[in-house]
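Trainee: Please find one structure pasted underneath; my questions will follow.
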Amino acid sequence: MTYKGIIFDMDGVLFQTEHFYYQRRADFLATKGLSVAHLNPAIFVGGRVNQVWKLVLQDDYANWDIPALEAAYKTYKEARPTPYQDCVSSDAAKVLAGLTERGMKLALASNTDRDEIERALTEAGIRSYFSHIFSGTECRACKPDPEIYEKASAALGCAKSDILVIEDSPKGIEAGKAAGLTVWAIRDQEFGLDQSQADDFLDQLGDLLPKL
């Protein structure tokens, strides 16, 4: 199969940020007297913390002002920015350059905030490879809702059968499949993620070019 367009997820695919995100969330929650020790780290992968407040707070959920908690977490994150240059996959630039040389259209679809996506790609020197960028925060709902992949595939202007999605998280894989797209997953080797919905697998990002 020769694909004409590829849509990449960001975290866990182009950037290995999940450990940093998890620790930052845990450190923030500790300042509020909260813990994530009772939760499997896998539930955070590919998602946003606002998707798991009920799991974090459990029976105490109704006693918290969630918008205020969200605002406090946003401020906390801004003071502790993600070190994207240190987290970018060593194969990212080579893979993206190789795909571009083959004439493939590239888009990015991530649950991450738009300004963070732009900063990550710019700091890593790979922004120019993407003709379209989509953030889940600009959609009706984040992954696993398929809207972000519906928008990205439409923007690429290819038939869905000609588009490949590269993902890692169960939420992202579900979103891509629900949008009617072929999804390959970067094989998880540490979180125990359920990637069973993926159509195929890559052991690492660098395997993409030889496999196409």
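Numbering starts fresh at 1 for the residues of each chain in the structure tokens, the chains themselves are lettered A, B, ... in the order given, and ligands are numbered from 1 as they appear.
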Write out as a PDB file with all heavy atoms, in the first residue's frame each polymer residue whose atoms come within 8 Å of Met10 of chain A, counting only C-alpha atoms; drop sequence neighbours fewer than 4 positions from it.
Mentor:
```pdb
ATOM      1  N   LEU A  14       6.337  11.427  18.258  1.00  0.00           N
ATOM      2  CA  LEU A  14       7.444  12.316  17.883  1.00  0.00           C
ATOM      3  C   LEU A  14       8.245  12.774  19.097  1.00  0.00           C
ATOM      4  O   LEU A  14       9.431  13.093  18.983  1.00  0.00           O
ATOM      5  CB  LEU A  14       6.906  13.539  17.144  1.00  0.00           C
ATOM      6  CG  LEU A  14       6.203  13.265  15.812  1.00  0.00           C
ATOM      7  CD1 LEU A  14       5.587  14.548  15.271  1.00  0.00           C
ATOM      8  CD2 LEU A  14       7.174  12.669  14.799  1.00  0.00           C
ATOM      9  N   PHE A  15       7.600  12.811  20.247  1.00  0.00           N
ATOM     10  CA  PHE A  15       8.240  13.250  21.487  1.00  0.00           C
ATOM     11  C   PHE A  15       7.956  12.240  22.597  1.00  0.00           C
ATOM     12  O   PHE A  15       6.822  11.775  22.730  1.00  0.00           O
ATOM     13  CB  PHE A  15       7.712  14.624  21.925  1.00  0.00           C
ATOM     14  CG  PHE A  15       8.032  15.744  20.973  1.00  0.00           C
ATOM     15  CD1 PHE A  15       7.224  15.991  19.868  1.00  0.00           C
ATOM     16  CD2 PHE A  15       9.139  16.555  21.181  1.00  0.00           C
ATOM     17  CE1 PHE A  15       7.512  17.023  18.980  1.00  0.00           C
ATOM     18  CE2 PHE A  15       9.435  17.594  20.299  1.00  0.00           C
ATOM     19  CZ  PHE A  15       8.625  17.823  19.199  1.00  0.00           C
ATOM     20  N   LEU A 108      -0.357  16.907  11.752  1.00  0.00           N
ATOM     21  CA  LEU A 108      -0.205  16.501  13.152  1.00  0.00           C
ATOM     22  C   LEU A 108      -1.534  16.697  13.866  1.00  0.00           C
ATOM     23  O   LEU A 108      -2.208  17.707  13.671  1.00  0.00           O
ATOM     24  CB  LEU A 108       0.893  17.319  13.833  1.00  0.00           C
ATOM     25  CG  LEU A 108       1.232  16.856  15.250  1.00  0.00           C
ATOM     26  CD1 LEU A 108       2.741  16.823  15.463  1.00  0.00           C
ATOM     27  CD2 LEU A 108       0.572  17.748  16.291  1.00  0.00           C
ATOM     28  N   ALA A 109      -1.910  15.715  14.675  1.00  0.00           N
ATOM     29  CA  ALA A 109      -3.170  15.775  15.425  1.00  0.00           C
ATOM     30  C   ALA A 109      -2.905  15.321  16.856  1.00  0.00           C
ATOM     31  O   ALA A 109      -2.605  14.153  17.102  1.00  0.00           O
ATOM     32  CB  ALA A 109      -4.217  14.878  14.770  1.00  0.00           C
ATOM     33  N   SER A 110      -2.998  16.255  17.792  1.00  0.00           N
ATOM     34  CA  SER A 110      -2.633  15.969  19.178  1.00  0.00           C
ATOM     35  C   SER A 110      -3.644  16.560  20.151  1.00  0.00           C
ATOM     36  O   SER A 110      -4.221  17.616  19.898  1.00  0.00           O
ATOM     37  CB  SER A 110      -1.242  16.561  19.474  1.00  0.00           C
ATOM     38  OG  SER A 110      -0.931  16.499  20.846  1.00  0.00           O
ATOM     39  N   ILE A 117       1.938  22.633  21.061  1.00  0.00           N
ATOM     40  CA  ILE A 117       2.304  21.915  19.834  1.00  0.00           C
ATOM     41  C   ILE A 117       3.252  22.769  19.002  1.00  0.00           C
ATOM     42  O   ILE A 117       4.302  22.298  18.546  1.00  0.00           O
ATOM     43  CB  ILE A 117       1.052  21.576  19.004  1.00  0.00           C
ATOM     44  CG1 ILE A 117       0.143  20.590  19.748  1.00  0.00           C
ATOM     45  CG2 ILE A 117       1.462  20.998  17.649  1.00  0.00           C
ATOM     46  CD1 ILE A 117      -1.191  20.351  19.070  1.00  0.00           C
TER      47      ILE A 117
END
```
Trainee: Name all residues at most 8 Å from segment 179-196 of chain A (count only C-alpha atoms; drop same-chain ones fewer than 4 positions away) and give them as a ChimeraX atom specification.
Mentor: /A:12-13,41-42,146-147,149-150,160-161,163-170,173,175,200-205
Trainee: Those residues you just picked out, can you put them in a file as a PDB file, in the first residue's frame with C-alpha atoms?
Mentor:
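Listing of again21.pdb after writing:
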```pdb
ATOM      1  CA  GLY A  12       4.659   9.166  22.538  1.00  0.00           C
ATOM      2  CA  VAL A  13       5.315   9.286  18.791  1.00  0.00           C
ATOM      3  CA  PRO A  41      -0.023   5.629  34.825  1.00  0.00           C
ATOM      4  CA  ALA A  42      -1.417   4.230  31.566  1.00  0.00           C
ATOM      5  CA  PRO A 146     -12.641  11.061  16.132  1.00  0.00           C
ATOM      6  CA  GLU A 147     -13.246  14.724  15.236  1.00  0.00           C
ATOM      7  CA  TYR A 149      -8.782  12.915  12.718  1.00  0.00           C
ATOM      8  CA  GLU A 150     -11.807  13.783  10.623  1.00  0.00           C
ATOM      9  CA  LYS A 160      -9.114   8.093   3.732  1.00  0.00           C
ATOM     10  CA  SER A 161      -7.779   4.871   2.241  1.00  0.00           C
ATOM     11  CA  ILE A 163      -3.974   8.178   4.725  1.00  0.00           C
ATOM     12  CA  LEU A 164      -1.998   6.531   7.522  1.00  0.00           C
ATOM     13  CA  VAL A 165      -2.141   7.525  11.206  1.00  0.00           C
ATOM     14  CA  ILE A 166       0.833   7.003  13.549  1.00  0.00           C
ATOM     15  CA  GLU A 167      -0.285   6.726  17.178  1.00  0.00           C
ATOM     16  CA  ASP A 168       0.605   5.133  20.488  1.00  0.00           C
ATOM     17  CA  SER A 169      -2.218   5.578  23.000  1.00  0.00           C
ATOM     18  CA  PRO A 170      -5.487   3.631  23.182  1.00  0.00           C
ATOM     19  CA  ILE A 173      -5.843   4.608  18.166  1.00  0.00           C
ATOM     20  CA  ALA A 175      -9.989   8.044  17.479  1.00  0.00           C
ATOM     21  CA  ASP A 200      -0.073  -2.700  12.534  1.00  0.00           C
ATOM     22  CA  PHE A 201       2.908  -1.832  14.707  1.00  0.00           C
ATOM     23  CA  LEU A 202       6.294  -0.140  14.669  1.00  0.00           C
ATOM     24  CA  ASP A 203       8.884  -0.963  17.304  1.00  0.00           C
ATOM     25  CA  GLN A 204      10.193   2.595  16.984  1.00  0.00           C
ATOM     26  CA  LEU A 205       9.558   5.662  14.855  1.00  0.00           C
TER      27      LEU A 205
END
```
Trainee: Could you tell me how far atom CA of Lys105 of chain A sits from atom CA of Gly5 of chain A, in Å to one decimal place?
Mentor: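 Rounded to one decimal, the two atoms are 4.5 Å apart.
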Trainee: Which residues of segment 90-129 of chain A have any atom within 8 Å of an atom in segment 79-84 of chain A when counting only C-alpha atoms, and what is the closest pair of atoms for each, with the distance in Å to one decimal? Order the rows by chain and rising number and write it as CSV.
Mentor:
```
residue,atom,partner,partner_atom,distance
A:Ala120,CA,A:Tyr84,CA,5.4
A:Glu123,CA,A:Tyr84,CA,6.8
A:Ala124,CA,A:Tyr84,CA,6.8
```
Trainee: Name the residues of segment 84-194 of chain A that come out as strand (DSSP E or B) in a backbone DSSP run; write them as number ranges by chain.
Mentor: A: 88, 105-110, 132-135, 163-167, 182-186
Trainee: Go ahead and dump the residues you just picked, C-alpha atoms, as a tab-separated table (two decimals), in the first residue's frame.
Mentor:
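Heads up, here's the output in result21.tsv:
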```tsv
chain	number	residue	atom	x	y	z
A	88	VAL	CA	12.11	14.76	20.71
A	105	LYS	CA	1.55	15.23	2.88
A	106	LEU	CA	2.06	15.42	6.64
A	107	ALA	CA	-0.31	16.60	9.36
A	108	LEU	CA	-0.20	16.50	13.15
A	109	ALA	CA	-3.17	15.77	15.43
A	110	SER	CA	-2.63	15.97	19.18
A	132	HIS	CA	-1.63	21.17	8.89
A	133	ILE	CA	-1.73	21.04	12.69
A	134	PHE	CA	-4.75	20.22	14.82
A	135	SER	CA	-5.22	20.36	18.60
A	163	ILE	CA	-3.97	8.18	4.73
A	164	LEU	CA	-2.00	6.53	7.52
A	165	VAL	CA	-2.14	7.53	11.21
A	166	ILE	CA	0.83	7.00	13.55
A	167	GLU	CA	-0.28	6.73	17.18
A	182	THR	CA	-5.58	2.99	9.02
A	183	VAL	CA	-3.63	3.26	12.28
A	184	TRP	CA	-0.14	1.99	13.04
A	185	ALA	CA	1.00	2.13	16.64
A	186	ILE	CA	4.45	2.66	18.12
```
Trainee: For Gln23 of chain A, list every protein, DNA or RNA residue within 12 Å, evaluated using only C-alpha atoms, and leave out those in the same chain fewer than 6 positions away; present the list as a PyMOL selection string.
Mentor: chain A and resi 17+29-30+35-37+41+44+77+80+82
Trainee: Save the residues we just selected, C-alpha atoms, as a short mmCIF file (atom, residue, chain, number, x, y, z; two decimals), in the first residue's frame?
Mentor:
```
data_model
loop_
_atom_site.label_atom_id
_atom_site.label_comp_id
_atom_site.auth_asym_id
_atom_site.auth_seq_id
_atom_site.Cartn_x
_atom_site.Cartn_y
_atom_site.Cartn_z
CA THR A 17 7.10 13.27 27.04
CA LEU A 29 -1.49 17.23 42.81
CA ALA A 30 0.81 16.74 45.79
CA SER A 35 -2.08 11.57 45.03
CA VAL A 36 -2.15 9.48 41.85
CA ALA A 37 -0.59 6.46 43.54
CA PRO A 41 -0.02 5.63 34.82
CA PHE A 44 -2.91 9.42 31.52
CA LYS A 77 2.49 23.91 33.94
CA ARG A 80 7.43 24.27 34.44
CA THR A 82 8.09 20.77 28.88
#
```
Trainee: List every residue of chain A that DSSP, applied to the backbone, labels as helix (DSSP H, G or I), and write the result as a PyMOL selection string.
Mentor: chain A and resi 18-31+41-44+49-51+53-63+66-79+84-87+92-101+114-123+127-129+136-138+147-156+160-162+170-178+205-211
Trainee: Restricting the calculation to only C-alpha atoms, which member of A:Phe130, A:Tyr76, A:Tyr3, A:Trp64 is positioned closest to Ala152 of chain A?
Mentor: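 Using only C-alpha atoms, Ala152 of chain A sits closest to A:Phe130.
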Trainee: Could you work out how far atom CA of Ser128 of chain A lies from atom CA of Lys177 of chain A, giving the answer in Å with one decimal?
Mentor: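 Interatomic distance, atom CA of Lys177 of chain A to atom CA of Ser128 of chain A: 26.9 Å.
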Trainee: Can you measure atom CA of Glu118 of chain A to atom CA of Asp207 of chain A for me? One decimal in Å is fine.
Mentor: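 If I compute the distance from atom CA of Glu118 of chain A to atom CA of Asp207 of chain A, I get 25.1 Å.
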Trainee: Please determine, counting only C-alpha atoms, which residue among A:Gly103, A:Gly176, A:Gly136, A:Pro144 has the shortest atom-to-atom distance to Asp199 of chain A.
Mentor: A:Gly176
Trainee: Between A:Lys211, A:Ala159, A:Ile126, A:Gly33, which residue has the minimum interatomic distance to Asp91 of chain A, considering only C-alpha atoms?
Mentor: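 Ranked by minimum distance to Asp91 of chain A, first place goes to A:Ile126.
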